[in-house]
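Pasting start.cif here (mmCIF, C-alpha atoms):
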data_target
loop_
_atom_site.label_atom_id
_atom_site.label_comp_id
_atom_site.auth_asym_id
_atom_site.auth_seq_id
_atom_site.Cartn_x
_atom_site.Cartn_y
_atom_site.Cartn_z
CA MET F 1 -9.16 -13.25 19.62
CA HIS F 2 -7.32 -10.40 21.32
CA ALA F 3 -8.15 -6.87 20.19
CA SER F 4 -4.48 -6.15 19.52
CA HIS F 5 -4.53 -8.88 16.89
CA LEU F 6 -7.17 -7.08 14.90
CA ASN F 7 -6.83 -4.47 12.18
CA VAL F 8 -9.44 -1.76 12.12
CA ILE F 9 -10.87 -0.50 8.83
CA GLU F 10 -13.21 2.47 8.59
CA TRP F 11 -15.02 2.98 5.35
CA LEU F 12 -18.12 5.06 4.58
CA GLY F 13 -19.38 4.96 8.13
CA LEU F 14 -18.58 1.30 8.77
CA GLU F 15 -15.98 0.15 11.26
CA ILE F 16 -14.70 -3.35 10.56
CA LYS F 17 -12.26 -5.38 12.58
CA VAL F 18 -10.39 -8.19 10.87
CA PRO F 19 -7.60 -10.52 11.98
CA GLY F 20 -4.34 -8.67 11.60
CA GLN F 21 -1.85 -11.40 12.42
CA ARG F 22 -1.24 -14.91 11.29
CA GLY F 23 -2.63 -17.29 13.82
CA PRO F 24 -1.63 -20.86 14.58
CA ASP F 25 -3.80 -21.89 11.65
CA SER F 26 -1.79 -20.60 8.72
CA ALA F 27 -5.00 -19.90 6.83
CA GLN F 28 -5.86 -17.20 9.35
CA GLY F 29 -4.94 -13.54 8.94
CA PRO F 30 -3.78 -11.09 8.24
CA TRP F 31 -6.86 -10.39 6.21
CA GLU F 32 -6.36 -7.73 3.59
CA LEU F 33 -8.81 -5.50 1.80
CA VAL F 34 -8.67 -6.70 -1.80
CA ARG F 35 -11.80 -5.18 -3.32
CA HIS F 36 -13.80 -2.13 -2.38
CA GLY F 37 -16.68 0.04 -3.49
CA VAL F 38 -17.19 3.76 -2.98
CA SER F 39 -20.90 4.02 -3.71
CA LEU F 40 -22.84 5.46 -0.80
CA ARG F 41 -25.99 3.52 -1.71
CA LYS F 42 -24.72 0.01 -2.30
CA GLY F 43 -21.29 -1.52 -2.26
CA SER F 44 -19.05 -4.01 -0.63
CA LEU F 45 -15.63 -4.61 0.86
CA VAL F 46 -13.90 -7.91 0.30
CA PHE F 47 -11.13 -9.21 2.54
CA ALA F 48 -8.85 -12.14 1.82
CA ASP F 49 -6.11 -13.93 3.66
CA ARG F 50 -3.15 -15.27 1.72
CA ARG F 51 -5.10 -17.96 -0.05
CA ARG F 52 -8.77 -17.14 -0.28
CA GLN F 53 -11.60 -14.72 0.32
CA ARG F 54 -12.60 -14.63 3.97
CA LEU F 55 -15.01 -11.78 4.45
CA GLN F 56 -17.40 -9.71 2.40
CA VAL F 57 -19.24 -6.79 3.94
CA ILE F 58 -22.11 -5.47 1.84
CA TRP F 59 -24.03 -2.30 2.57
CA THR F 60 -27.31 -1.25 0.98
CA ALA F 61 -29.24 1.92 1.67
CA CYS F 62 -32.85 0.98 2.54
CA SER F 63 -35.34 3.68 3.36
CA GLN F 64 -37.59 1.10 5.00
CA ARG F 65 -36.65 -1.73 7.32
CA PRO F 66 -36.33 -4.94 5.31
CA ASP F 67 -37.40 -8.31 6.66
CA VAL F 68 -33.96 -9.66 7.52
CA GLY F 69 -35.35 -13.10 8.35
CA GLN F 70 -36.98 -13.33 4.93
CA LEU F 71 -33.74 -12.23 3.26
CA LEU F 72 -31.91 -15.08 4.94
CA LYS F 73 -34.66 -17.55 4.01
CA ASP F 74 -34.43 -16.43 0.38
CA HIS F 75 -30.70 -16.90 0.52
CA ARG F 76 -31.12 -20.41 1.88
CA THR F 77 -33.63 -21.27 -0.85
CA ARG F 78 -31.24 -20.07 -3.55
CA GLN F 79 -28.39 -22.05 -2.05
CA LEU F 80 -30.51 -25.20 -1.85
CA GLU F 81 -31.43 -24.85 -5.52
CA GLN F 82 -27.71 -25.04 -6.32
CA ASP F 83 -26.80 -27.71 -3.79
CA ALA F 84 -29.62 -29.81 -2.40
CA ASP F 85 -27.33 -31.40 0.18
CA ALA F 86 -26.41 -28.13 1.85
CA ARG F 87 -27.39 -27.89 5.51
CA PHE F 88 -28.08 -24.66 7.35
CA THR F 89 -28.20 -23.84 11.02
CA ALA F 90 -29.17 -20.62 12.72
CA ALA F 91 -26.04 -18.92 13.99
CA THR F 92 -25.73 -17.47 17.46
CA LEU F 93 -24.56 -13.94 16.92
CA PRO F 94 -24.17 -10.68 18.86
CA ALA F 95 -27.27 -8.59 19.45
CA GLY F 96 -28.87 -7.12 16.38
CA TRP F 97 -27.47 -9.71 14.00
CA ARG F 98 -29.27 -12.65 12.44
CA GLY F 99 -27.40 -15.26 10.52
CA LEU F 100 -27.26 -18.65 8.88
CA ARG F 101 -24.31 -20.97 8.99
CA ARG F 102 -23.96 -23.22 6.00
CA GLN F 103 -22.40 -26.58 6.70
CA GLY F 104 -21.05 -28.94 4.13
CA ALA F 105 -20.24 -26.44 1.47
CA ALA F 106 -18.66 -27.84 -1.65
CA ASP F 107 -15.17 -27.27 -0.30
CA GLY F 108 -16.04 -28.54 3.16
CA ARG F 109 -15.86 -25.17 4.89
CA GLY F 110 -18.60 -23.54 6.90
CA LEU F 111 -19.86 -20.25 5.57
CA LEU F 112 -21.72 -17.72 7.66
CA ARG F 113 -24.14 -15.24 6.20
CA ALA F 114 -25.41 -12.60 8.59
CA ALA F 115 -27.37 -9.39 8.27
CA ARG F 116 -28.60 -6.51 10.35
CA TYR F 117 -30.46 -3.32 9.66
CA ASP F 118 -29.16 -0.12 11.18
CA ASN F 119 -32.11 2.09 11.98
CA ALA F 120 -30.11 5.25 12.55
CA THR F 121 -28.44 5.26 9.16
CA ARG F 122 -31.09 3.26 7.30
CA ARG F 123 -28.59 0.81 5.97
CA LEU F 124 -28.74 -2.93 5.62
CA VAL F 125 -25.37 -4.48 6.38
CA GLU F 126 -24.74 -8.05 5.24
CA VAL F 127 -21.73 -10.16 6.00
CA VAL F 128 -20.46 -13.30 4.29
CA LEU F 129 -17.81 -14.76 6.54
CA ASP F 130 -15.61 -17.76 5.93
CA ALA F 131 -14.15 -18.46 9.35
CA GLY F 132 -14.73 -22.20 9.51
CA ASP F 133 -15.67 -23.26 13.02
CA ASP F 134 -13.50 -20.65 14.69
CA ASP F 135 -16.03 -18.91 16.93
CA ALA F 136 -13.39 -16.50 18.20
CA VAL F 137 -12.97 -15.08 14.70
CA VAL F 138 -16.74 -14.98 14.14
CA ASP F 139 -17.24 -13.11 17.43
CA ALA F 140 -14.38 -10.72 16.72
CA VAL F 141 -15.53 -9.87 13.20
CA ILE F 142 -19.30 -9.78 13.69
CA GLY F 143 -19.07 -8.27 17.17
CA GLY F 144 -16.54 -5.71 15.96
CA LEU F 145 -18.53 -4.54 12.97
CA ARG F 146 -20.10 -1.19 13.82
CA VAL F 147 -22.04 1.35 11.85
CA THR F 148 -20.47 4.59 13.02
CA GLY F 149 -22.67 6.92 11.00
CA PRO F 150 -24.26 7.62 7.64
CA ALA F 151 -22.02 6.94 4.65
CA ASP F 152 -22.17 10.50 3.38
CA THR F 153 -21.23 12.17 6.65
CA ALA F 154 -18.49 9.76 7.69
CA ARG F 155 -15.38 11.82 8.37
CA ARG F 156 -12.82 9.13 8.91
CA VAL F 157 -11.37 6.66 6.42
CA ARG F 158 -8.92 4.00 7.54
CA ALA F 159 -7.76 1.66 4.81
CA PHE F 160 -4.82 0.92 2.52
CA GLY F 161 -2.37 2.14 5.14
CA LEU F 162 -4.06 5.54 5.34
CA ASP F 163 -5.88 7.11 8.24
CA VAL F 164 -7.67 10.20 6.96
CA THR F 165 -10.00 12.50 8.85
CA ARG F 166 -11.69 15.06 6.66
CA PRO F 167 -12.84 18.49 7.87
CA ALA F 168 -16.19 18.80 9.58
CA ASP F 169 -19.14 19.78 7.43
CA ASP F 170 -19.97 23.46 7.35
CA ALA F 171 -22.57 25.50 5.52
CA GLY F 172 -22.98 23.99 2.07
CA THR F 173 -19.72 22.08 2.17
CA ARG F 174 -19.50 18.36 2.66
CA TRP F 175 -16.42 16.46 1.64
CA THR F 176 -17.22 13.12 0.09
CA LEU F 177 -15.01 10.23 -0.94
CA ARG F 178 -15.55 10.18 -4.70
CA SER F 179 -13.03 7.71 -6.04
CA THR F 180 -9.92 5.77 -5.27
CA ARG F 181 -6.88 4.57 -7.15
CA VAL F 182 -5.28 1.63 -5.44
CA LEU F 183 -2.18 0.01 -6.86
CA PRO F 184 0.38 -2.15 -5.11
CA ALA F 185 2.27 0.09 -2.67
CA ASP F 186 0.43 3.17 -3.94
CA ALA F 187 -3.03 4.17 -2.75
CA ALA F 188 -4.87 7.42 -3.38
CA LEU F 189 -8.25 8.62 -2.13
CA HIS F 190 -10.01 11.46 -3.95
CA PHE F 191 -12.47 13.70 -2.15
CA ASP F 192 -14.57 16.60 -3.37
CA ASP F 193 -16.91 19.01 -1.66
CA GLY F 194 -19.41 19.62 -4.44
CA GLN F 195 -18.19 23.24 -4.72
CA GLY F 196 -15.33 22.58 -7.13
CA ARG F 197 -12.74 21.83 -4.47
CA GLU F 198 -10.88 18.55 -4.70
CA VAL F 199 -8.44 16.91 -2.35
CA THR F 200 -6.28 13.86 -2.95
CA VAL F 201 -4.65 11.90 -0.17
CA ARG F 202 -1.99 9.45 -1.27
CA ARG F 203 0.32 6.98 0.37
CA ARG F 204 3.29 5.55 -1.45
CA ALA F 205 5.02 2.68 0.25
CA MET F 206 8.61 1.55 -0.27
CA ALA F 207 9.62 5.20 -0.08
CA GLY F 208 13.21 4.42 0.83
CA ASP F 209 13.63 2.64 -2.49
CA TRP F 210 12.47 5.36 -4.84
CA LEU F 211 13.14 8.51 -2.84
CA GLY F 212 16.89 8.22 -3.20
CA CYS F 213 16.75 7.64 -6.96
CA LYS F 214 17.84 10.34 -9.37
CA GLY F 215 15.33 13.18 -9.56
CA GLN F 216 12.98 11.58 -7.05
CA THR F 217 12.32 14.10 -4.33
CA LEU F 218 9.27 15.07 -2.36
CA ALA F 219 8.91 18.27 -4.40
CA ALA F 220 9.08 16.21 -7.59
CA ALA F 221 6.32 13.99 -6.21
CA LEU F 222 4.12 17.07 -5.80
CA ARG F 223 5.06 18.42 -9.21
CA ALA F 224 3.74 15.22 -10.77
CA TYR F 225 0.21 16.32 -9.87
CA ASP F 226 0.40 19.08 -12.46
CA PRO F 227 3.42 18.72 -14.73
CA LYS F 228 2.21 21.51 -17.02
CA ALA F 229 2.24 23.94 -14.12
CA ARG F 230 6.02 23.88 -13.95
CA ARG F 231 6.39 27.65 -14.51
CA ALA F 232 4.02 28.55 -11.76
CA PHE F 233 5.29 25.82 -9.49
CA ALA F 234 6.93 27.07 -6.34
CA ALA F 235 8.18 24.55 -3.85
CA SER F 236 9.27 25.79 -0.48
CA ALA F 237 12.76 24.98 0.70
CA GLU F 238 12.56 21.25 0.97
CA GLN F 239 13.23 19.79 4.34
CA PRO F 240 14.72 16.32 4.37
CA HIS F 241 11.36 14.81 5.24
CA GLU F 242 8.82 17.36 4.06
CA ALA F 243 7.96 19.58 1.09
CA GLU F 244 5.20 22.04 0.30
CA ALA F 245 4.21 23.58 -2.99
CA THR F 246 1.66 25.88 -4.55
CA TRP F 247 0.86 26.24 -8.22
CA ASN F 248 -1.63 27.57 -10.71
CA VAL F 249 -3.50 24.91 -12.62
CA PRO F 250 -2.97 25.63 -16.34
CA GLY F 251 -5.99 26.78 -18.30
CA PRO F 252 -7.11 29.33 -20.87
CA ARG F 253 -5.65 32.79 -20.24
CA PHE F 254 -9.07 34.46 -20.15
CA TRP F 255 -10.04 32.23 -17.25
CA ARG F 256 -7.30 33.86 -15.25
CA LEU F 257 -8.56 37.31 -16.27
CA LEU F 258 -12.04 36.33 -15.18
CA GLY F 259 -10.70 34.90 -11.95
CA ARG F 260 -11.89 31.43 -12.86
CA HIS F 261 -8.52 29.71 -12.81
CA ARG F 262 -7.70 27.05 -10.28
CA VAL F 263 -4.85 26.86 -7.86
CA GLY F 264 -3.20 23.90 -6.25
CA ARG F 265 -1.52 23.40 -2.94
CA GLY F 266 0.21 20.29 -1.73
CA ARG F 267 2.23 18.86 1.07
CA ALA F 268 4.32 15.70 1.02
CA TRP F 269 6.21 14.12 3.86
CA HIS F 270 8.26 11.04 4.45
CA ASP F 271 7.39 8.83 7.40
CA ALA F 272 10.59 6.90 7.98
CA ALA F 273 9.01 4.58 10.55
CA ASP F 274 6.38 3.52 8.02
CA ASP F 275 8.77 3.74 5.04
CA ALA F 276 6.08 5.64 3.18
CA VAL F 277 5.52 9.04 1.62
CA TYR F 278 2.21 10.73 2.34
CA GLU F 279 0.83 13.38 0.03
CA LEU F 280 -2.04 15.76 0.69
CA VAL F 281 -2.93 17.78 -2.40
CA GLY F 282 -5.86 20.10 -3.00
CA THR F 283 -7.02 22.05 -6.03
CA TRP F 284 -9.78 24.62 -5.95
CA PRO F 285 -11.05 27.73 -7.75
CA ALA F 286 -8.80 30.72 -7.01
CA ARG F 287 -11.79 32.78 -5.88
CA SER F 288 -12.88 30.24 -3.26
CA PRO F 289 -9.63 28.86 -1.87
CA GLY F 290 -9.60 25.84 0.30
CA ASP F 291 -7.49 24.92 3.26
CA LEU F 292 -5.57 21.73 3.87
CA SER F 293 -4.88 22.35 7.53
CA PRO F 294 -8.11 20.77 8.84
CA TRP F 295 -7.23 17.49 7.13
CA ALA F 296 -5.57 14.90 9.32
CA VAL F 297 -3.57 12.25 7.51
CA GLY F 298 -1.42 9.51 8.97
CA PRO F 299 -0.64 5.85 8.80
CA GLY F 300 -3.37 3.37 9.66
CA GLY F 301 -5.79 0.76 8.37
CA ARG F 302 -3.05 -1.59 7.27
CA ALA F 303 -5.40 -4.20 5.87
CA GLY F 304 -5.32 -3.38 2.22
CA GLY F 305 -3.39 -2.99 -0.96
CA GLY F 306 -3.25 -4.10 -4.52
CA ALA F 307 -6.97 -3.94 -4.47
CA ASP F 308 -9.62 -3.94 -7.13
CA HIS F 309 -12.09 -1.16 -7.32
CA ASP F 310 -15.75 -1.86 -8.03
CA MET W 1 -17.47 -11.70 -28.78
CA THR W 2 -14.68 -13.03 -26.64
CA LYS W 3 -14.27 -16.68 -25.79
CA ARG W 4 -13.58 -17.75 -22.25
CA ARG W 5 -10.32 -19.54 -21.71
CA PRO W 6 -10.73 -23.24 -21.02
CA ALA W 7 -10.62 -24.04 -17.33
CA ALA W 8 -7.66 -26.37 -17.83
CA ASN W 9 -5.40 -23.38 -18.55
CA THR W 10 -6.26 -21.50 -15.39
CA VAL W 11 -3.90 -21.72 -12.44
CA THR W 12 -5.39 -21.31 -9.01
CA LEU W 13 -3.85 -18.88 -6.56
CA GLU W 14 -3.05 -21.78 -4.25
CA ARG W 15 -1.05 -23.59 -6.94
CA LEU W 16 0.65 -20.40 -7.98
CA LEU W 17 1.79 -19.67 -4.44
CA ALA W 18 3.03 -23.22 -4.03
CA ALA W 19 5.09 -23.11 -7.22
CA VAL W 20 8.84 -22.85 -6.87
CA PRO W 21 10.59 -20.22 -9.00
CA THR W 22 13.74 -21.87 -10.25
CA ALA W 23 16.46 -20.01 -12.06
CA ASN W 24 17.64 -21.19 -15.44
CA ARG W 25 21.11 -22.64 -14.76
CA ALA W 26 22.31 -21.49 -18.13
CA VAL W 27 21.98 -17.89 -17.00
CA ARG W 28 25.21 -16.02 -16.33
CA ALA W 29 25.16 -13.15 -13.82
CA GLU W 30 27.53 -10.22 -13.84
CA GLN W 31 27.61 -7.31 -11.39
CA ARG W 32 27.99 -3.96 -13.17
CA GLY W 33 27.98 -1.08 -10.73
CA GLU W 34 24.75 -1.24 -8.78
CA ALA W 35 22.99 -3.31 -11.42
CA LEU W 36 23.13 -7.04 -11.78
CA VAL W 37 23.06 -8.09 -15.42
CA LEU W 38 21.72 -11.53 -16.25
CA PHE W 39 22.77 -13.02 -19.55
CA VAL W 40 20.60 -15.71 -21.03
CA PRO W 41 21.94 -17.69 -24.03
CA LEU W 42 19.99 -17.31 -27.24
CA ARG W 43 19.00 -20.29 -29.30
CA GLU W 44 21.31 -20.59 -32.30
CA ARG W 45 19.28 -20.70 -35.53
CA TRP W 46 20.47 -22.46 -38.64
CA TRP W 47 21.06 -19.20 -40.47
CA MET W 48 23.24 -17.94 -37.64
CA ARG W 49 25.78 -20.60 -38.51
CA GLY W 50 27.87 -20.73 -41.64
CA PRO W 51 28.84 -17.88 -43.91
CA ALA W 52 26.38 -15.35 -42.48
CA SER W 53 28.12 -15.46 -39.15
CA TRP W 54 31.45 -14.58 -40.79
CA TRP W 55 30.10 -11.11 -41.61
CA LEU W 56 27.35 -10.48 -39.09
CA PRO W 57 28.16 -10.61 -35.37
CA PHE W 58 25.06 -12.40 -34.09
CA ARG W 59 24.42 -12.11 -30.40
CA LYS W 60 24.99 -15.31 -28.50
CA GLU W 61 23.20 -14.12 -25.39
CA ARG W 62 20.86 -11.41 -24.22
CA GLY W 63 21.42 -9.29 -21.10
CA ILE W 64 18.81 -8.05 -18.67
CA ALA W 65 19.81 -5.57 -15.98
CA LEU W 66 18.14 -5.81 -12.57
CA ASP W 67 17.83 -2.95 -10.11
CA ARG W 68 18.12 -3.44 -6.37
CA LEU W 69 14.58 -4.75 -5.93
CA GLY W 70 14.97 -7.07 -8.88
CA GLN W 71 18.19 -8.44 -7.45
CA GLU W 72 16.44 -9.05 -4.17
CA VAL W 73 13.72 -11.16 -5.80
CA TRP W 74 16.21 -12.89 -8.08
CA ALA W 75 18.33 -13.88 -5.09
CA ALA W 76 15.23 -15.32 -3.42
CA CYS W 77 14.54 -17.55 -6.43
CA ASP W 78 16.87 -20.26 -5.16
CA GLY W 79 14.84 -23.24 -6.33
CA VAL W 80 13.90 -24.11 -2.75
CA ARG W 81 11.55 -21.36 -1.60
CA ASN W 82 8.12 -21.26 -3.16
CA VAL W 83 6.38 -18.15 -4.45
CA GLU W 84 4.53 -17.69 -1.17
CA ALA W 85 7.78 -17.60 0.78
CA VAL W 86 9.37 -15.18 -1.68
CA VAL W 87 6.34 -12.89 -1.50
CA ALA W 88 6.15 -13.10 2.29
CA GLU W 89 9.82 -12.17 2.60
CA PHE W 90 9.39 -9.26 0.18
CA SER W 91 6.31 -7.99 2.03
CA ARG W 92 8.08 -8.23 5.39
CA ARG W 93 11.19 -6.46 4.17
CA HIS W 94 9.31 -3.60 2.52
CA ARG W 95 6.42 -3.38 4.97
CA LEU W 96 3.80 -4.16 2.35
CA GLY W 97 0.63 -6.17 2.59
CA PHE W 98 0.91 -9.75 1.32
CA HIS W 99 -1.29 -9.13 -1.71
CA GLU W 100 0.48 -5.88 -2.54
CA ALA W 101 3.77 -7.72 -2.51
CA ARG W 102 2.26 -10.63 -4.42
CA LEU W 103 1.19 -8.41 -7.32
CA LYS W 104 4.60 -6.78 -7.51
CA VAL W 105 6.58 -10.00 -7.20
CA MET W 106 4.36 -11.93 -9.61
CA ALA W 107 4.65 -9.21 -12.25
CA PHE W 108 8.42 -9.42 -11.91
CA LEU W 109 8.49 -13.22 -12.00
CA ARG W 110 6.32 -13.20 -15.10
CA LEU W 111 8.77 -10.81 -16.74
CA LEU W 112 11.70 -13.06 -15.85
CA ALA W 113 9.85 -16.13 -17.11
CA GLU W 114 9.00 -14.43 -20.40
CA ARG W 115 12.70 -13.68 -20.83
CA LYS W 116 13.62 -17.32 -20.14
CA LEU W 117 15.48 -16.49 -16.92
CA LEU W 118 13.44 -18.78 -14.71
CA VAL W 119 10.61 -21.23 -14.65
CA LEU W 120 7.90 -21.80 -12.08
CA ILE W 121 7.77 -25.44 -11.08
CA GLY W 122 4.35 -26.44 -9.83
CA PRO W 123 3.84 -28.64 -6.78
CA SER W 124 2.97 -31.66 -8.89
CA ALA W 125 6.25 -31.46 -10.80
CA ALA W 126 9.62 -32.57 -9.48
CA PRO W 127 10.44 -30.44 -6.44
CA GLU W 128 14.17 -30.53 -7.04
CA PRO W 129 15.66 -27.65 -9.00
CA THR W 130 16.26 -28.65 -12.57
CA GLU W 131 17.98 -26.97 -15.43
CA ALA W 132 15.54 -25.22 -17.67
CA PRO W 133 16.21 -25.90 -21.34
CA THR W 134 17.97 -23.00 -22.92
CA GLY W 135 15.60 -20.83 -24.84
CA ALA W 136 12.53 -22.38 -23.28
CA GLY W 137 10.04 -20.24 -21.46
CA GLY W 138 8.43 -20.99 -18.14
CA GLU W 139 4.76 -21.38 -17.48
CA PRO W 140 3.90 -18.49 -15.25
#

As structure tokens, please, write out the structure in this file.
Amino acid sequence: MHASHLNVIEWLGLEIKVPGQRGPDSAQGPWELVRHGVSLRKGSLVFADRRRQRLQVIWTACSQRPDVGQLLKDHRTRQLEQDADARFTAATLPAGWRGLRRQGAADGRGLLRAARYDNATRRLVEVVLDAGDDDAVVDAVIGGLRVTGPADTARRVRAFGLDVTRPADDAGTRWTLRSTRVLPADAALHFDDGQGREVTVRRRAMAGDWLGCKGQTLAAALRAYDPKARRAFAASAEQPHEAEATWNVPGPRFWRLLGRHRVGRGRAWHDAADDAVYELVGTWPARSPGDLSPWAVGPGGRAGGGADHD
Amino acid sequence: MTKRRPAANTVTLERLLAAVPTANRAVRAEQRGEALVLFVPLRERWWMRGPASWWLPFRKERGIALDRLGQEVWAACDGVRNVEAVVAEFSRRHRLGFHEARLKVMAFLRLLAERKLLVLIGPSAAPEPTEAPTGAGGEP
């Protein structure tokens, strides 16, 4: 499978390549991210083509190296308890991976379960892949799966049409992906730095359809983040494809006197080529302001949307 | 304690995608400005006939206005294309992922079916477009 036919997803220090185009077999790609987890310790990503689940990538933080062979044996034993006729063969996989291919599953498809332990990040990565007998897909997916770094220090997220690079860690500040809100054509990633600063990155697709509607402007999109802050809201002169705004987050008046109030700053822009509006919004305590300029946001990681959140 | 729905009532994704959304032929469409208004006849009850109707102007039909996106999906429900084709066309046109488009389109089709504007004909049923009985809902 050619590299240009693959979509690249980066999530919590994992880089995953999945088929990004429909192949001759209509059941093939594009595979889309339909379920995701944000836990640093244990979670999974689930990809599906049009009809069924094709790939699940599971990560588990393990302080000590697990016996991967034993894990696979246990898996085989459990499967045999459910279906005594199931047959397993050892799969030939890229270096570092060990796997079992199950033949004769109930629906007649082969299912590959593979695992590897990444010493550097102390993470066990498991893969459940439904690629039938298509070795090209198996090689592309398993061979393309890389652990790029620890989950908590990963700076880049590519998923749901977003490509986000967060600022580098500095003294006492580490931005972490805390939560997501993924709806059809509307995905938002929420980060915080543990110091009271929060940043939301959002992509809204089908921008051409709602941007021209009455009252729907880029400044209005930013205002929606804090509707109560209308009085303090100041949007800069809106360019056709870009808007910026700053506002004070409403709160008790004495907070303001004590300097404990929060301020917000946001930027929204319309990417006509992608037919999407991107929003980068941060809120932080007024006495320790943040900066949005180190954040890099653009289109990318197209495999995803309408997803469930674990 | 909630009871699980019986398996017989569940529709698999594969069957859902293979179903053909077919418009109710009794529906009348009227363009009003940018909106397309679909009028679906209402079932006439016994008390709507006779003396009561001399004094009370009972509605004979109900109108539902569609915006541009709604019109696009409605136009695609031609009784030939299945749900998968409608979703694929919508996702291509609006540069969405297939499942993103599927959730949007299915929510809209469900709404239309609840309002008796169309029915989804499963692959096991007759593939030819048929007239849905007036006032009868589809099985989304």

Would you please work out which residue, of F:Phe160, F:Tyr117, F:Phe191, F:Phe254, is nearest to chain W when using all atoms listed in the file?
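When distances to chain W are compared using all atoms listed in the file, the smallest one comes from F:Phe160.
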
Result set, the PyMOL selection byres ((chain F) within 10 of (chain W)) on current file, as number ranges by chain
F: 30-34, 48-52, 160-161, 182-186, 205-209, 274-276, 302-307

Measure the distance from CA of Ile121 (chain W) to CA of Lys60 (chain W) in Å and round it to one decimal.
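Pair CA of Ile121 (chain W) / CA of Lys60 (chain W) returns 26.5 Å.
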
If you apply the PyMOL selection byres ((chain W and resi 72) around 12) to this file, what residues do you get, as a list in words?
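Evaluating the PyMOL selection byres ((chain W and resi 72) around 12) on this file yields Ala35, Leu36, Leu66, Asp67, Arg68, Leu69, Gly70, Gln71, Val73, Trp74, Ala75, Ala76, Cys77, Asp78, Val86, Val87, Glu89, Phe90, Ser91, Arg93, His94, Val105, Phe108 and Leu109 of chain W.
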
Answer key for the PyMOL selection byres ((chain F and resi 190) around 7), residues as a PDB file with C-alpha atoms, in the frame of the given file:
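Final file, part.pdb:
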ATOM      1  CA  LEU F 177     -15.010  10.230  -0.940  1.00  0.00           C
ATOM      2  CA  ARG F 178     -15.550  10.180  -4.700  1.00  0.00           C
ATOM      3  CA  SER F 179     -13.030   7.710  -6.040  1.00  0.00           C
ATOM      4  CA  THR F 180      -9.920   5.770  -5.270  1.00  0.00           C
ATOM      5  CA  ALA F 188      -4.870   7.420  -3.380  1.00  0.00           C
ATOM      6  CA  LEU F 189      -8.250   8.620  -2.130  1.00  0.00           C
ATOM      7  CA  PHE F 191     -12.470  13.700  -2.150  1.00  0.00           C
ATOM      8  CA  ASP F 192     -14.570  16.600  -3.370  1.00  0.00           C
ATOM      9  CA  VAL F 199      -8.440  16.910  -2.350  1.00  0.00           C
ATOM     10  CA  THR F 200      -6.280  13.860  -2.950  1.00  0.00           C
ATOM     11  CA  VAL F 201      -4.650  11.900  -0.170  1.00  0.00           C
TER      12      VAL F 201
END

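Between CA of Arg287 (chain F) and CA of Trp269 (chain F) the interatomic distance comes to 27.7 Å.
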
Using only C-alpha atoms, which residue out of F:Leu162, F:Val249, F:Val57, F:Leu40 lies closest to Val277 (chain F)?
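Looking only at the distances to Val277 (chain F), the closest residue turns out to be F:Leu162.
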
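Relative to CA of Trp59 (chain F), CA of Pro299 (chain F) is found at 25.5 Å.
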
From the list F:Ala151, F:Ala286, F:Ile9, F:Leu280, which residue is nearest Leu258 (chain F) when using only C-alpha atoms?
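Once distances to Leu258 (chain F) are computed over only C-alpha atoms, the minimum belongs to F:Ala286.
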
Which residues, written as a PyMOL selection string, have at least one atom at most 10 Å from Ala29 (chain W), with all atoms listed in the file counted and residues fewer than 6 positions away on the same chain left out?
chain W and resi 36-40+63-65

Between F:Gly143, F:Gly172, F:Glu15, F:Arg123, smallest distance to Ala95 (chain F) by all atoms listed in the file belongs to F:Gly143

Please tell me which residues are no farther than 10 Å from (-13.7, -14.6, 13.6) in the file, counting all atoms listed in the file, and write them as a PyMOL selection string.
chain F and resi 1+17-19+28-29+54-55+129-144

Which protein, DNA or RNA residues are at most 10 Å from (-34.4, -5.9, 13.6) in the file's coordinates when you count all atoms listed in the file, listed as a ChimeraX atom specification?
/F:65-69,95-98,115-119

File dump, residues just selected, C-alpha atoms, as a compact mmCIF listing (two decimals), in the coordinates of the input:
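Contents of the output file result.txt:
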# COMPACT_ATOMS: atom_id res chain seq x y z
CA ARG F 65 -36.65 -1.73 7.32
CA PRO F 66 -36.33 -4.94 5.31
CA ASP F 67 -37.40 -8.31 6.66
CA VAL F 68 -33.96 -9.66 7.52
CA GLY F 69 -35.35 -13.10 8.35
CA ALA F 95 -27.27 -8.59 19.45
CA GLY F 96 -28.87 -7.12 16.38
CA TRP F 97 -27.47 -9.71 14.00
CA ARG F 98 -29.27 -12.65 12.44
CA ALA F 115 -27.37 -9.39 8.27
CA ARG F 116 -28.60 -6.51 10.35
CA TYR F 117 -30.46 -3.32 9.66
CA ASP F 118 -29.16 -0.12 11.18
CA ASN F 119 -32.11 2.09 11.98

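Checking W:Leu56, W:Thr22, W:Leu118, W:Arg62 one by one against Pro41 (chain W), counting only C-alpha atoms, you find the shortest gap at W:Arg62.
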